[in-house]
Amino acid sequence: MNETSAVPTAPLRARAEIDLGALRANVRVLRARAEGAHLMAVVKSDAYGHGAVRCARAALEAGATWLGTATPEEALALRAAGLPGRIMCWLWVPGGPWRQAIEADLDVAVSGMWALREVADAARAAGRPARVQLKADTGLGRNGCQPEDWPELVGAALEAEAAGLIEVTGLWSHFACADEPGHPSIAAQLTRFREMVAYAEERGVEPEVRHIANSPATLTLPETHFDLVRTGIAMYGISPSPELGTPADFGLRPVMTLSASLALVKRVPGGHGVSYGHHYVTPGETTLGLVPLGYADGIPRHASDGGPVLIDGKLRTVAGRVAMDQFVVDLGGDEPRPGTRAVLFGPGDGGEPTAEDWAQVCGTIAYEIVTRIGTRVPRVHVNG
């Protein structure tokens with residue numbers, strides 16, 4: 001079944017086709033990699049740009065038992081859409097929607113005393129306990145409780161649990177460099193995590209799940225799997241790092257294919273400037289194709305003069321600057337019809353570039369390439 005928010009009879013300026021069959025297959029591959037552990041499908045940032053609700057449902061169909069988001073608003077939206085089961089969210093600020101999260105049966109992360117106080121107050125107001133997961137900072141240096149503050153947080157959580165205000169459902173952390181094979185921080189963080197979990201459990205915490213493994217750890221570090229693995233980018237068929245291997249090396253298939261319809265094809269003389277600043281000038285008489293996507297749609301401006309595009313079976317590159325709504329490719333004299341499909345990236349097995357190819361051109365990571373595709377581009381979910 002194909003779905004899109006666009007008018008069905010109207011030609012699409014551009015589309016991001018989301019292969020839910022590929023996503024389900026990726027989830028099954030990741031579950032096999034972490035046999036014996038539960039799998040959390042991370043669908044933050046609208047499922048890395050792929051469409052959170054549809055991707056969450058597909059992941060659950062393939063055997064994921066948890067859903068994960070960054071913000072509570074993202075998690076509440078999943079619940080409002082009817083997504084069942086366990087949903088966890090971890091990026092909170094003071095004054096956040098704690099009570100709504102409790103009443104929606106979400107698992108919430110707590111990294112410090114201020115958050116524990118706020119969630120306990122919300123639980124008291126709601127008249128029911130909150131499901132709380134304590135996050136340990138084992139070395140990433142972002143969210144999470146520092147080791148020296150861990151005894152205070154664990155003690156206060158046990159007191160709140162004894163008072164019937166919370167249930168400590170999990171202990172967790174996050175790697176800094178799991179995508180860099182052999183990095184010394186991996187072993188150091190894993191040791192610290194085991195120490196902090198042991199401290200909490202020795203004092204009476206009985207977590208339902210302990211987890212630290214992200215996508216790269218799920219794929220390459222079985223000793224990190226514990227009770228639950230959190231898979232984000234790998235679920236969408238993108239390798240967490242070229243150093244670890246390609247998607248095919250892990251049996252994964254990219255889920256998103258981004259394409260657009262050529263808006264114009266025209267012949268121009270040699271020496272003709274192209275796009276803002278004339279950073280590209282035609283070397284001779286040629287044809288130019290206009291692709292109606294730009295940085296307002298999430299196409300990186302850093303792809304100017306380099307972003308790869310497949311048109312009529314031939315690889316082209318962005319000619320000149322990427323503008324807000326459009327960019328140009330030099331077609332080298334070929335004259336495809338307006339409306340011809342230009343494929344920016346996809347799985348790669350049809351000769352088209354991949355998100356990793358775009359990341360290499362732009363000096364970034366493939367995570368950013370897919371996540372930044374904007375809301376003007378309809379998501380068309382196929383194989384649903």
# chains A, B, ... in the order shown; residues from 1 in each chain; ligands from 1
>>> residues_around(residues="Trp358 in chain A", least_positions_apart="4", cutoff="9 Å", atoms="only C-alpha atoms", output="PyMOL selection string")
chain A and resi 300+303+306-308+344-345+353-354+362-366+369
>>> write_last_selection(atoms="N, CA, C and O atoms", output="PDB file, in the first residue's frame")
ATOM      1  N   PRO A 300      21.673  19.920   1.572  1.00  0.00           N
ATOM      2  CA  PRO A 300      22.747  20.732   2.163  1.00  0.00           C
ATOM      3  C   PRO A 300      23.357  21.709   1.160  1.00  0.00           C
ATOM      4  O   PRO A 300      23.659  21.333   0.017  1.00  0.00           O
ATOM      5  N   ALA A 303      26.538  20.816  -0.507  1.00  0.00           N
ATOM      6  CA  ALA A 303      26.569  19.934  -1.677  1.00  0.00           C
ATOM      7  C   ALA A 303      26.729  20.712  -2.969  1.00  0.00           C
ATOM      8  O   ALA A 303      26.758  20.113  -4.051  1.00  0.00           O
ATOM      9  N   GLY A 306      28.851  19.503  -6.107  1.00  0.00           N
ATOM     10  CA  GLY A 306      29.338  18.157  -5.811  1.00  0.00           C
ATOM     11  C   GLY A 306      28.294  17.099  -5.529  1.00  0.00           C
ATOM     12  O   GLY A 306      28.580  15.912  -5.651  1.00  0.00           O
ATOM     13  N   GLY A 307      27.099  17.499  -5.110  1.00  0.00           N
ATOM     14  CA  GLY A 307      26.085  16.511  -4.759  1.00  0.00           C
ATOM     15  C   GLY A 307      25.734  15.615  -5.936  1.00  0.00           C
ATOM     16  O   GLY A 307      25.442  16.104  -7.022  1.00  0.00           O
ATOM     17  N   PRO A 308      25.747  14.286  -5.762  1.00  0.00           N
ATOM     18  CA  PRO A 308      25.488  13.378  -6.890  1.00  0.00           C
ATOM     19  C   PRO A 308      23.998  13.128  -7.106  1.00  0.00           C
ATOM     20  O   PRO A 308      23.227  13.034  -6.157  1.00  0.00           O
ATOM     21  N   LEU A 344      18.235  11.526  -5.923  1.00  0.00           N
ATOM     22  CA  LEU A 344      19.367  12.060  -5.165  1.00  0.00           C
ATOM     23  C   LEU A 344      20.062  10.957  -4.378  1.00  0.00           C
ATOM     24  O   LEU A 344      21.287  10.870  -4.368  1.00  0.00           O
ATOM     25  N   PHE A 345      19.270  10.145  -3.683  1.00  0.00           N
ATOM     26  CA  PHE A 345      19.870   9.006  -2.988  1.00  0.00           C
ATOM     27  C   PHE A 345      18.833   7.943  -2.719  1.00  0.00           C
ATOM     28  O   PHE A 345      17.620   8.203  -2.735  1.00  0.00           O
ATOM     29  N   PRO A 353      23.021   7.293  -6.133  1.00  0.00           N
ATOM     30  CA  PRO A 353      23.863   7.571  -4.966  1.00  0.00           C
ATOM     31  C   PRO A 353      23.158   7.121  -3.687  1.00  0.00           C
ATOM     32  O   PRO A 353      21.956   6.828  -3.672  1.00  0.00           O
ATOM     33  N   THR A 354      23.905   7.069  -2.607  1.00  0.00           N
ATOM     34  CA  THR A 354      23.351   6.759  -1.287  1.00  0.00           C
ATOM     35  C   THR A 354      23.460   7.984  -0.393  1.00  0.00           C
ATOM     36  O   THR A 354      24.160   8.957  -0.712  1.00  0.00           O
ATOM     37  N   CYS A 362      29.492  16.306   1.626  1.00  0.00           N
ATOM     38  CA  CYS A 362      29.198  17.445   2.495  1.00  0.00           C
ATOM     39  C   CYS A 362      30.043  17.481   3.760  1.00  0.00           C
ATOM     40  O   CYS A 362      29.909  18.414   4.570  1.00  0.00           O
ATOM     41  N   GLY A 363      30.872  16.472   3.979  1.00  0.00           N
ATOM     42  CA  GLY A 363      31.690  16.448   5.178  1.00  0.00           C
ATOM     43  C   GLY A 363      30.877  16.243   6.437  1.00  0.00           C
ATOM     44  O   GLY A 363      31.175  16.825   7.483  1.00  0.00           O
ATOM     45  N   THR A 364      29.841  15.400   6.345  1.00  0.00           N
ATOM     46  CA  THR A 364      28.992  15.159   7.502  1.00  0.00           C
ATOM     47  C   THR A 364      28.705  13.669   7.603  1.00  0.00           C
ATOM     48  O   THR A 364      29.458  12.853   7.066  1.00  0.00           O
ATOM     49  N   ILE A 365      27.661  13.291   8.301  1.00  0.00           N
ATOM     50  CA  ILE A 365      27.287  11.897   8.464  1.00  0.00           C
ATOM     51  C   ILE A 365      25.929  11.663   7.821  1.00  0.00           C
ATOM     52  O   ILE A 365      25.124  12.586   7.688  1.00  0.00           O
ATOM     53  N   ALA A 366      25.681  10.419   7.442  1.00  0.00           N
ATOM     54  CA  ALA A 366      24.432  10.106   6.742  1.00  0.00           C
ATOM     55  C   ALA A 366      23.214  10.337   7.621  1.00  0.00           C
ATOM     56  O   ALA A 366      22.120  10.605   7.102  1.00  0.00           O
ATOM     57  N   ILE A 369      21.945  13.687   6.710  1.00  0.00           N
ATOM     58  CA  ILE A 369      21.391  13.789   5.359  1.00  0.00           C
ATOM     59  C   ILE A 369      19.913  13.399   5.353  1.00  0.00           C
ATOM     60  O   ILE A 369      19.069  14.101   4.785  1.00  0.00           O
TER      61      ILE A 369
END
>>> select_by_dssp(residues="range 156-378 of chain A", states="strand (DSSP E or B)", output="PyMOL selection string")
chain A and resi 166-172+209-211+213+228-231+256-261+264-268+273-274+280-281+286-291+308-311+314-318+327-330+341-345
>>> residues_around(residues="Gly333 in chain A", least_positions_apart="5", cutoff="12 Å", atoms="only C-alpha atoms", output="list in words")
Val265, Lys266, Arg267, Val268, Pro269, Gly270, Thr282, Pro283, Gly284, Glu285, Thr286, Thr287, Leu288 and Gly289 of chain A
>>> write_last_selection(atoms="N, CA and C atoms", output="mmCIF file, in the first residue's frame")
data_model
loop_
_atom_site.group_PDB
_atom_site.id
_atom_site.type_symbol
_atom_site.label_atom_id
_atom_site.label_comp_id
_atom_site.auth_asym_id
_atom_site.auth_seq_id
_atom_site.Cartn_x
_atom_site.Cartn_y
_atom_site.Cartn_z
ATOM 1 N N VAL A 265 14.437 21.628 -18.612
ATOM 2 C CA VAL A 265 15.659 21.225 -19.310
ATOM 3 C C VAL A 265 15.861 22.233 -20.431
ATOM 4 N N LYS A 266 17.067 22.818 -20.514
ATOM 5 C CA LYS A 266 17.285 23.838 -21.558
ATOM 6 C C LYS A 266 18.729 23.813 -22.030
ATOM 7 N N ARG A 267 18.920 24.212 -23.260
ATOM 8 C CA ARG A 267 20.252 24.281 -23.857
ATOM 9 C C ARG A 267 20.824 25.683 -23.624
ATOM 10 N N VAL A 268 22.105 25.719 -23.253
ATOM 11 C CA VAL A 268 22.776 27.000 -22.992
ATOM 12 C C VAL A 268 24.142 26.977 -23.670
ATOM 13 N N PRO A 269 24.690 28.155 -23.980
ATOM 14 C CA PRO A 269 26.013 28.205 -24.612
ATOM 15 C C PRO A 269 27.137 28.003 -23.610
ATOM 16 N N GLY A 270 28.318 27.781 -24.120
ATOM 17 C CA GLY A 270 29.489 27.737 -23.263
ATOM 18 C C GLY A 270 29.731 29.075 -22.597
ATOM 19 N N THR A 282 29.518 27.009 -17.512
ATOM 20 C CA THR A 282 29.516 25.882 -18.455
ATOM 21 C C THR A 282 30.790 25.900 -19.305
ATOM 22 N N PRO A 283 31.457 24.749 -19.416
ATOM 23 C CA PRO A 283 32.707 24.702 -20.192
ATOM 24 C C PRO A 283 32.485 24.758 -21.693
ATOM 25 N N GLY A 284 31.277 24.486 -22.138
ATOM 26 C CA GLY A 284 30.929 24.529 -23.557
ATOM 27 C C GLY A 284 29.426 24.459 -23.685
ATOM 28 N N GLU A 285 28.942 24.457 -24.913
ATOM 29 C CA GLU A 285 27.501 24.338 -25.092
ATOM 30 C C GLU A 285 27.016 23.056 -24.422
ATOM 31 N N THR A 286 25.907 23.144 -23.717
ATOM 32 C CA THR A 286 25.430 21.998 -22.949
ATOM 33 C C THR A 286 23.942 22.159 -22.655
ATOM 34 N N THR A 287 23.416 21.213 -21.891
ATOM 35 C CA THR A 287 22.038 21.313 -21.395
ATOM 36 C C THR A 287 22.063 21.316 -19.875
ATOM 37 N N LEU A 288 21.159 22.075 -19.322
ATOM 38 C CA LEU A 288 21.025 22.155 -17.867
ATOM 39 C C LEU A 288 19.672 21.600 -17.448
ATOM 40 N N GLY A 289 19.653 20.906 -16.326
ATOM 41 C CA GLY A 289 18.412 20.399 -15.757
ATOM 42 C C GLY A 289 18.160 21.046 -14.414
#
>>> select_by_dssp(residues="range 95-280 of chain A", states="alpha helix (DSSP H)", output="PyMOL selection string")
chain A and resi 98-103+113-126+150-162+184-202+215-220
>>> residues_around(residues="Leu140 in chain A", least_positions_apart="3", cutoff="8 Å", atoms="only C-alpha atoms", output="list in words")
Asp137, His174, Phe175 and Ala176 of chain A
>>> write_last_selection(atoms="all heavy atoms", output="tab-separated table (two decimals), in the first residue's frame")
chain	number	residue	atom	x	y	z
A	137	ASP	N	25.84	8.93	33.46
A	137	ASP	CA	26.85	9.47	32.55
A	137	ASP	C	28.13	8.67	32.78
A	137	ASP	O	28.85	8.88	33.74
A	137	ASP	CB	27.09	10.95	32.82
A	137	ASP	CG	28.11	11.57	31.86
A	137	ASP	OD1	28.66	10.83	31.02
A	137	ASP	OD2	28.35	12.79	31.95
A	174	HIS	N	24.81	5.83	27.56
A	174	HIS	CA	24.97	5.98	26.11
A	174	HIS	C	26.46	6.10	25.78
A	174	HIS	O	27.20	6.80	26.47
A	174	HIS	CB	24.22	7.22	25.63
A	174	HIS	CG	24.03	7.29	24.15
A	174	HIS	ND1	23.30	6.35	23.45
A	174	HIS	CD2	24.45	8.19	23.22
A	174	HIS	CE1	23.28	6.67	22.16
A	174	HIS	NE2	23.98	7.77	22.00
A	175	PHE	N	26.88	5.41	24.71
A	175	PHE	CA	28.29	5.43	24.30
A	175	PHE	C	28.65	6.71	23.56
A	175	PHE	O	27.83	7.30	22.85
A	175	PHE	CB	28.58	4.24	23.37
A	175	PHE	CG	28.78	2.94	24.09
A	175	PHE	CD1	27.93	1.86	23.86
A	175	PHE	CD2	29.84	2.77	24.97
A	175	PHE	CE1	28.12	0.65	24.50
A	175	PHE	CE2	30.04	1.56	25.62
A	175	PHE	CZ	29.18	0.50	25.38
A	176	ALA	N	29.91	7.10	23.69
A	176	ALA	CA	30.44	8.24	22.96
A	176	ALA	C	31.06	7.84	21.64
A	176	ALA	O	30.97	8.58	20.65
A	176	ALA	CB	31.48	8.97	23.82
>>> closest_atom_pairs(of="range 344-377 of chain A", to="range 320-326 of chain A", cutoff="12 Å", atoms="only C-alpha atoms", output="tab-separated table")
residue	atom	partner	partner_atom	distance
A:Gly374	CA	A:Asp325	CA	11.4
A:Arg376	CA	A:Asp325	CA	10.2
A:Val377	CA	A:Asp325	CA	11.3
>>> write_last_selection(atoms="N, CA and C atoms", output="PDB file, in the first residue's frame")
ATOM      1  N   GLY A 374      13.153  18.142   4.684  1.00  0.00           N
ATOM      2  CA  GLY A 374      12.120  18.962   5.292  1.00  0.00           C
ATOM      3  C   GLY A 374      10.696  18.507   5.031  1.00  0.00           C
ATOM      4  N   ARG A 376       8.364  19.968   3.435  1.00  0.00           N
ATOM      5  CA  ARG A 376       7.798  20.220   2.111  1.00  0.00           C
ATOM      6  C   ARG A 376       7.875  18.989   1.217  1.00  0.00           C
ATOM      7  N   VAL A 377       8.714  18.048   1.596  1.00  0.00           N
ATOM      8  CA  VAL A 377       8.879  16.834   0.794  1.00  0.00           C
ATOM      9  C   VAL A 377       7.940  15.765   1.341  1.00  0.00           C
TER      10      VAL A 377
END
>>> residues_around(residues="range 255-263 of chain A", least_positions_apart="6", cutoff="6 Å", atoms="only C-alpha atoms", output="list in words")
Arg13, Ala14, Arg15, Ala16, Glu17, Ile18, Asp19, Ala22, Tyr236, Gly237, Leu290, Val291, Pro338, Gly339, Thr340, Arg341, Ala342, Val343, Leu344, Phe345 and Gly346 of chain A
>>> residues_around(residues="Met40 in chain A", least_positions_apart="4", cutoff="12 Å", atoms="only C-alpha atoms", output="number ranges by chain")
A: 27, 30-31, 34, 44, 56, 59-60, 62-69, 85-89, 209, 211-215, 218, 225, 227-235
>>> residues_around(residues="Gly96 in chain A", least_positions_apart="6", cutoff="12 Å", atoms="only C-alpha atoms", output="tab-separated table (two decimals) with N, CA and C atoms, in the first residue's frame")
chain	number	residue	atom	x	y	z
A	71	THR	N	12.30	13.66	22.86
A	71	THR	CA	11.48	14.56	23.66
A	71	THR	C	10.18	13.91	24.12
A	72	PRO	N	9.64	14.37	25.25
A	72	PRO	CA	8.35	13.85	25.68
A	72	PRO	C	7.23	14.17	24.70
A	73	GLU	N	7.32	15.30	24.02
A	73	GLU	CA	6.29	15.64	23.04
A	73	GLU	C	6.23	14.61	21.91
A	76	LEU	N	4.53	11.52	23.43
A	76	LEU	CA	3.10	11.73	23.62
A	76	LEU	C	2.35	11.68	22.28
A	89	CYS	N	11.12	8.19	26.70
A	89	CYS	CA	11.66	9.48	26.23
A	89	CYS	C	12.67	9.98	27.24
A	90	TRP	N	13.68	10.72	26.76
A	90	TRP	CA	14.81	11.01	27.65
A	90	TRP	C	15.30	12.44	27.68
A	102	ILE	N	3.17	10.58	32.59
A	102	ILE	CA	2.75	9.54	33.55
A	102	ILE	C	1.40	8.99	33.15
A	108	VAL	N	10.06	7.49	31.57
A	108	VAL	CA	10.76	8.76	31.48
A	108	VAL	C	12.16	8.63	32.07
A	114	TRP	N	16.88	17.44	40.14
A	114	TRP	CA	15.76	18.31	39.79
A	114	TRP	C	14.67	17.53	39.06
A	115	ALA	N	15.08	16.64	38.16
A	115	ALA	CA	14.11	15.87	37.39
A	115	ALA	C	13.38	14.87	38.27
A	118	GLU	N	10.73	16.75	40.16
A	118	GLU	CA	9.59	17.13	39.33
A	118	GLU	C	8.71	15.93	38.98
A	119	VAL	N	9.31	14.80	38.67
A	119	VAL	CA	8.49	13.65	38.30
A	119	VAL	C	7.77	13.09	39.53
A	122	ALA	N	4.79	15.29	40.06
A	122	ALA	CA	3.77	15.01	39.05
A	122	ALA	C	3.04	13.70	39.36
>>> decode(residues="range 238-280 of chain A", atoms="N, CA and C atoms", output="PDB file, in the first residue's frame")
ATOM      1  N   ILE A 238      21.029   2.472   7.397  1.00  0.00           N
ATOM      2  CA  ILE A 238      22.241   3.271   7.205  1.00  0.00           C
ATOM      3  C   ILE A 238      23.288   2.807   8.207  1.00  0.00           C
ATOM      4  N   SER A 239      24.496   2.609   7.738  1.00  0.00           N
ATOM      5  CA  SER A 239      25.577   2.197   8.631  1.00  0.00           C
ATOM      6  C   SER A 239      25.908   3.338   9.595  1.00  0.00           C
ATOM      7  N   PRO A 240      26.130   3.025  10.874  1.00  0.00           N
ATOM      8  CA  PRO A 240      26.504   4.069  11.824  1.00  0.00           C
ATOM      9  C   PRO A 240      27.850   4.709  11.514  1.00  0.00           C
ATOM     10  N   SER A 241      28.683   4.002  10.756  1.00  0.00           N
ATOM     11  CA  SER A 241      30.005   4.531  10.419  1.00  0.00           C
ATOM     12  C   SER A 241      30.584   3.726   9.267  1.00  0.00           C
ATOM     13  N   PRO A 242      31.160   4.395   8.261  1.00  0.00           N
ATOM     14  CA  PRO A 242      31.804   3.653   7.178  1.00  0.00           C
ATOM     15  C   PRO A 242      32.904   2.723   7.679  1.00  0.00           C
ATOM     16  N   GLU A 243      33.551   3.089   8.808  1.00  0.00           N
ATOM     17  CA  GLU A 243      34.606   2.242   9.372  1.00  0.00           C
ATOM     18  C   GLU A 243      34.072   0.887   9.812  1.00  0.00           C
ATOM     19  N   LEU A 244      32.811   0.858  10.205  1.00  0.00           N
ATOM     20  CA  LEU A 244      32.220  -0.392  10.681  1.00  0.00           C
ATOM     21  C   LEU A 244      31.797  -1.294   9.535  1.00  0.00           C
ATOM     22  N   GLY A 245      31.478  -0.720   8.385  1.00  0.00           N
ATOM     23  CA  GLY A 245      31.016  -1.495   7.242  1.00  0.00           C
ATOM     24  C   GLY A 245      29.863  -0.790   6.565  1.00  0.00           C
ATOM     25  N   THR A 246      29.534  -1.265   5.388  1.00  0.00           N
ATOM     26  CA  THR A 246      28.406  -0.722   4.637  1.00  0.00           C
ATOM     27  C   THR A 246      27.114  -1.336   5.162  1.00  0.00           C
ATOM     28  N   PRO A 247      25.970  -0.765   4.807  1.00  0.00           N
ATOM     29  CA  PRO A 247      24.709  -1.415   5.189  1.00  0.00           C
ATOM     30  C   PRO A 247      24.649  -2.869   4.724  1.00  0.00           C
ATOM     31  N   ALA A 248      25.096  -3.122   3.498  1.00  0.00           N
ATOM     32  CA  ALA A 248      25.057  -4.490   2.975  1.00  0.00           C
ATOM     33  C   ALA A 248      25.915  -5.436   3.797  1.00  0.00           C
ATOM     34  N   ASP A 249      27.019  -4.933   4.347  1.00  0.00           N
ATOM     35  CA  ASP A 249      27.879  -5.778   5.185  1.00  0.00           C
ATOM     36  C   ASP A 249      27.122  -6.318   6.392  1.00  0.00           C
ATOM     37  N   PHE A 250      26.136  -5.569   6.854  1.00  0.00           N
ATOM     38  CA  PHE A 250      25.361  -5.971   8.026  1.00  0.00           C
ATOM     39  C   PHE A 250      24.004  -6.553   7.661  1.00  0.00           C
ATOM     40  N   GLY A 251      23.734  -6.691   6.367  1.00  0.00           N
ATOM     41  CA  GLY A 251      22.438  -7.219   5.936  1.00  0.00           C
ATOM     42  C   GLY A 251      21.319  -6.210   6.036  1.00  0.00           C
ATOM     43  N   LEU A 252      21.652  -4.925   5.975  1.00  0.00           N
ATOM     44  CA  LEU A 252      20.666  -3.854   6.090  1.00  0.00           C
ATOM     45  C   LEU A 252      20.424  -3.205   4.734  1.00  0.00           C
ATOM     46  N   ARG A 253      19.250  -2.613   4.589  1.00  0.00           N
ATOM     47  CA  ARG A 253      18.899  -1.933   3.332  1.00  0.00           C
ATOM     48  C   ARG A 253      18.367  -0.532   3.645  1.00  0.00           C
ATOM     49  N   PRO A 254      18.943   0.499   3.003  1.00  0.00           N
ATOM     50  CA  PRO A 254      18.430   1.855   3.226  1.00  0.00           C
ATOM     51  C   PRO A 254      16.934   1.945   2.933  1.00  0.00           C
ATOM     52  N   VAL A 255      16.230   2.684   3.760  1.00  0.00           N
ATOM     53  CA  VAL A 255      14.773   2.741   3.724  1.00  0.00           C
ATOM     54  C   VAL A 255      14.270   3.924   2.897  1.00  0.00           C
ATOM     55  N   MET A 256      15.018   5.020   2.857  1.00  0.00           N
ATOM     56  CA  MET A 256      14.553   6.226   2.163  1.00  0.00           C
ATOM     57  C   MET A 256      15.181   6.373   0.789  1.00  0.00           C
ATOM     58  N   THR A 257      14.344   6.691  -0.195  1.00  0.00           N
ATOM     59  CA  THR A 257      14.803   7.102  -1.525  1.00  0.00           C
ATOM     60  C   THR A 257      14.255   8.496  -1.793  1.00  0.00           C
ATOM     61  N   LEU A 258      15.152   9.442  -2.032  1.00  0.00           N
ATOM     62  CA  LEU A 258      14.748  10.830  -2.279  1.00  0.00           C
ATOM     63  C   LEU A 258      14.875  11.138  -3.758  1.00  0.00           C
ATOM     64  N   SER A 259      13.790  11.631  -4.353  1.00  0.00           N
ATOM     65  CA  SER A 259      13.812  11.959  -5.778  1.00  0.00           C
ATOM     66  C   SER A 259      12.967  13.188  -6.049  1.00  0.00           C
ATOM     67  N   ALA A 260      13.136  13.725  -7.247  1.00  0.00           N
ATOM     68  CA  ALA A 260      12.356  14.889  -7.678  1.00  0.00           C
ATOM     69  C   ALA A 260      12.131  14.799  -9.174  1.00  0.00           C
ATOM     70  N   SER A 261      11.157  15.547  -9.668  1.00  0.00           N
ATOM     71  CA  SER A 261      10.884  15.631 -11.104  1.00  0.00           C
ATOM     72  C   SER A 261      11.608  16.837 -11.683  1.00  0.00           C
ATOM     73  N   LEU A 262      12.351  16.625 -12.760  1.00  0.00           N
ATOM     74  CA  LEU A 262      13.009  17.771 -13.396  1.00  0.00           C
ATOM     75  C   LEU A 262      11.966  18.829 -13.768  1.00  0.00           C
ATOM     76  N   ALA A 263      12.238  20.062 -13.367  1.00  0.00           N
ATOM     77  CA  ALA A 263      11.291  21.145 -13.624  1.00  0.00           C
ATOM     78  C   ALA A 263      11.543  21.828 -14.964  1.00  0.00           C
ATOM     79  N   LEU A 264      12.764  21.696 -15.488  1.00  0.00           N
ATOM     80  CA  LEU A 264      13.110  22.379 -16.736  1.00  0.00           C
ATOM     81  C   LEU A 264      14.375  21.745 -17.298  1.00  0.00           C
ATOM     82  N   VAL A 265      14.437  21.628 -18.612  1.00  0.00           N
ATOM     83  CA  VAL A 265      15.659  21.225 -19.310  1.00  0.00           C
ATOM     84  C   VAL A 265      15.861  22.233 -20.431  1.00  0.00           C
ATOM     85  N   LYS A 266      17.067  22.818 -20.514  1.00  0.00           N
ATOM     86  CA  LYS A 266      17.285  23.838 -21.558  1.00  0.00           C
ATOM     87  C   LYS A 266      18.729  23.813 -22.030  1.00  0.00           C
ATOM     88  N   ARG A 267      18.920  24.212 -23.260  1.00  0.00           N
ATOM     89  CA  ARG A 267      20.252  24.281 -23.857  1.00  0.00           C
ATOM     90  C   ARG A 267      20.824  25.683 -23.624  1.00  0.00           C
ATOM     91  N   VAL A 268      22.105  25.719 -23.253  1.00  0.00           N
ATOM     92  CA  VAL A 268      22.776  27.000 -22.992  1.00  0.00           C
ATOM     93  C   VAL A 268      24.142  26.977 -23.670  1.00  0.00           C
ATOM     94  N   PRO A 269      24.690  28.155 -23.980  1.00  0.00           N
ATOM     95  CA  PRO A 269      26.013  28.205 -24.612  1.00  0.00           C
ATOM     96  C   PRO A 269      27.137  28.003 -23.610  1.00  0.00           C
ATOM     97  N   GLY A 270      28.318  27.781 -24.120  1.00  0.00           N
ATOM     98  CA  GLY A 270      29.489  27.737 -23.263  1.00  0.00           C
ATOM     99  C   GLY A 270      29.731  29.075 -22.597  1.00  0.00           C
ATOM    100  N   GLY A 271      30.341  29.052 -21.418  1.00  0.00           N
ATOM    101  CA  GLY A 271      30.608  30.282 -20.688  1.00  0.00           C
ATOM    102  C   GLY A 271      29.418  30.844 -19.954  1.00  0.00           C
ATOM    103  N   HIS A 272      28.345  30.053 -19.832  1.00  0.00           N
ATOM    104  CA  HIS A 272      27.128  30.516 -19.164  1.00  0.00           C
ATOM    105  C   HIS A 272      27.246  30.252 -17.655  1.00  0.00           C
ATOM    106  N   GLY A 273      27.064  31.299 -16.860  1.00  0.00           N
ATOM    107  CA  GLY A 273      27.083  31.132 -15.417  1.00  0.00           C
ATOM    108  C   GLY A 273      25.848  30.400 -14.923  1.00  0.00           C
ATOM    109  N   VAL A 274      26.017  29.638 -13.838  1.00  0.00           N
ATOM    110  CA  VAL A 274      24.923  28.827 -13.307  1.00  0.00           C
ATOM    111  C   VAL A 274      24.762  29.093 -11.810  1.00  0.00           C
ATOM    112  N   SER A 275      23.577  29.524 -11.426  1.00  0.00           N
ATOM    113  CA  SER A 275      23.163  29.737 -10.038  1.00  0.00           C
ATOM    114  C   SER A 275      23.935  30.885  -9.392  1.00  0.00           C
ATOM    115  N   TYR A 276      23.595  31.184  -8.146  1.00  0.00           N
ATOM    116  CA  TYR A 276      24.134  32.346  -7.448  1.00  0.00           C
ATOM    117  C   TYR A 276      25.666  32.339  -7.421  1.00  0.00           C
ATOM    118  N   GLY A 277      26.225  33.515  -7.698  1.00  0.00           N
ATOM    119  CA  GLY A 277      27.666  33.679  -7.607  1.00  0.00           C
ATOM    120  C   GLY A 277      28.443  33.162  -8.796  1.00  0.00           C
ATOM    121  N   HIS A 278      27.756  32.476  -9.733  1.00  0.00           N
ATOM    122  CA  HIS A 278      28.417  31.906 -10.913  1.00  0.00           C
ATOM    123  C   HIS A 278      29.655  31.091 -10.520  1.00  0.00           C
ATOM    124  N   HIS A 279      29.533  30.281  -9.464  1.00  0.00           N
ATOM    125  CA  HIS A 279      30.642  29.404  -9.080  1.00  0.00           C
ATOM    126  C   HIS A 279      30.825  28.275 -10.074  1.00  0.00           C
ATOM    127  N   TYR A 280      29.808  28.051 -10.898  1.00  0.00           N
ATOM    128  CA  TYR A 280      29.936  27.097 -11.999  1.00  0.00           C
ATOM    129  C   TYR A 280      29.640  27.839 -13.289  1.00  0.00           C
TER     130      TYR A 280
END
